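Heads up, the thing below is written out as structure tokens.
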Amino acid sequence: MVMACGTRKNAEKMKVENHSYSNYKEVSVSHLNLSLKVDFNKKELWGTSTLTIKNNSGANKLILDTRTLKVDHVAITDADGKSKEVTFEMGATDSILGAALIIPIEKNTTSVSVAYHTLPESEALQWLSPEQTHDKKNPFLFSQSQAILARTWIPLQDCPAVRFTYEAKVEVPPHLMALMSAENPSAKSKDGKYNFRQTKPIPSYLMALAVGDVEFKSLGRNSGVYAEPGMLAKSVNEFVDMQSMIDSAEALYGPYAWGRYDVLVLPPSFPFGGMENPCLTFATPTIIAGDRSLVSLIAHELAHSWSGNLVTNETWSDFWLNEGFTVYFEQRIMEKIYGRDYAEMLTALGRGELQHSLDDLMKEAPDDTKLYLNLDGRNPDDGVTDIAYEKGRFFLRSIEEVVGRTEWDAFLRSYFSTHAFGTTNTKNFIAYLNEKLLSKNPEWNKAVNTDEWIFKTGLPANCPVVNSKELQRVEEAVAKFEKSRKVADIQTKGYTTHHWLHLLRNLKSLKQEEMAAMDKEFKLTGIGNSEIACDWYRLSVENGYEAAYSEMEKFLNSVGRRKFLLPIYKALLKTPEGKKRAEAIFKSAEKGYHAVAAGTIRDMLKEAK
Ligand SMILES: [Zn+2]
């Protein structure tokens, strides 16, 4: 066969719908067969992506999404199994969307094969040197495809409205294990070759790959954990409740659809808390607090096995359907296992975070406080805020309060089973909600106030009020301290991570000696719990407590989770000296951050005066 070469097309402006160049409404991909070789030296993946297509409309081309990847050649195959090389075209490059890959197809074309390699700058892939891992012996690779980064490592229809099954062959250095969002091995292969199969149709943002020196340990019937050998025992200890979380979730909203549920504990540079890759959640090691106090993150990622993975948002503007449902569901799992008081404490903290985001957004971009977002021409990552997560959750909770739990839970069970392995959007959800639930009682529709929640800015007056006895205890301690200014008046016996966070968020305008006394009493500078560390360092910057700065710099150099980085950088950027410090820290820490986290901080540094 002759290698056909691609031509670059610059003149024609391509139509972009749903953050994807793909013509998925005309030609849809139903299955992906991936073959990849992982090259740690070049920091590149080399291989072939073969897509089974359904040409519903008789279209003469298949358009795929790509970004920073090099297409080497393309072949098409017909129903009789005959293959031939074709000449493909690349569209103009857009900095957010990448470039369209335009492949000529024929009426009887059944599959398209793209030979390609990624480039070291592929944003979905983070290549870690041994020093950047926990055990510091072997390199590590992990992917993060959400929202539209799958196209930086696989040419496909990168759009949540398209679902496909997949199989993959992945070759890695023999001493490492490869894992995907699919059926996974539980031990290393001798030759570094692995085969994967995902028999349930998934959207592209759930494509995932990790390669590293990891080991597996079972946690129960259908759950287990993968981690670097030095992190495995700690991780197993932290996740003892995982199997009962799965059982509780199934009791709430129906059978778990994905076979196994395992968690991979990643090295610290992972930019998110967790990513709900099907069958295998990717998780930050910062949730391994030693006291199981941060496992709500696992409940969250597990809940995505229903909201998001099973029922998917059709566009990124509908993202709240994904995250709002998940935060609500997460809370219900936590309540079932740890009781109402504990779950209400988490909900109250979420309410505080929502208020904080609303206060900022109402000044800067009020339209971004609507649940349904207009993301035309924008990066879908702009929609990843507390609005989708927390405002979404409080909307669903307000429905629960109006209609009562029995009706609401029955509605959710039918919502998940009716839409399983499909997509939905805001308009369809509202219609379904009205038809199946709110129309049952004329009072409900008015009381729920759906339109204001979804299409208006800010927070409706019927937002549920959360009272947490546990957090009130903290507020009383703060009030006592504000009068006496004595640290001894803050009684922290029985505090969990969440009590600490509430305390640190409620203390305002502290003097140097008060910060020092608190540090001496509670040993906060250098603390191993990242949640508490983040709030303590933010407070230290806000109150100019320099004794904490060197540990804070270590923290910013060792942790890559965006949730912890942003509040501290943001606090630093409020003063000119702080800005200088932030720039210096970023310069040394940047190489350890994931592109997603580094990009956000780079923008913050640029925007700061
Ligand atoms: Zn989530």
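In the structure tokens, each chain is lettered A, B, ... as it comes, each chain's residues begin at 1, and ligands are numbered from 1 in order of appearance.
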Taking only C-alpha atoms and all ligand atoms into account, which residues are within 7 Å of ligand 1, as a list in words? His300, Glu301, His304, Glu323 and Thr326 of chain A
For Leu433 (chain A): contacts at 10 Å, only C-alpha atoms, fewer than 6 positions along chain excluded, given as number ranges by chain: A: 411-412, 415, 427, 439, 445, 450
Could you make a table, as a tab-separated table, of the residues of region 324-390 of chain A that have an atom within 12 Å of an atom of region 555-574 of chain A, each with its nearest atom pair and distance in Å to one decimal, counting only C-alpha atoms, in chain and number order?
```
residue	atom	partner	partner_atom	distance
A:Glu353	CA	A:Lys563	CA	11.7
A:His356	CA	A:Pro567	CA	11.5
A:Ser357	CA	A:Pro567	CA	11.7
A:Val384	CA	A:Lys563	CA	11.4
A:Thr385	CA	A:Lys563	CA	10.7
A:Asp386	CA	A:Lys563	CA	11.3
```
Would you please extract all alpha helix (DSSP H) residues from region 163-291 of chain A, as assigned by DSSP on the backbone, and give them as a ChimeraX atom specification? /A:229-238,242-253
6 Å contact set for region 361-370 of chain A, only C-alpha atoms, chain neighbours under 4 positions out, as a PyMOL selection string: chain A and resi 357+387+454-458
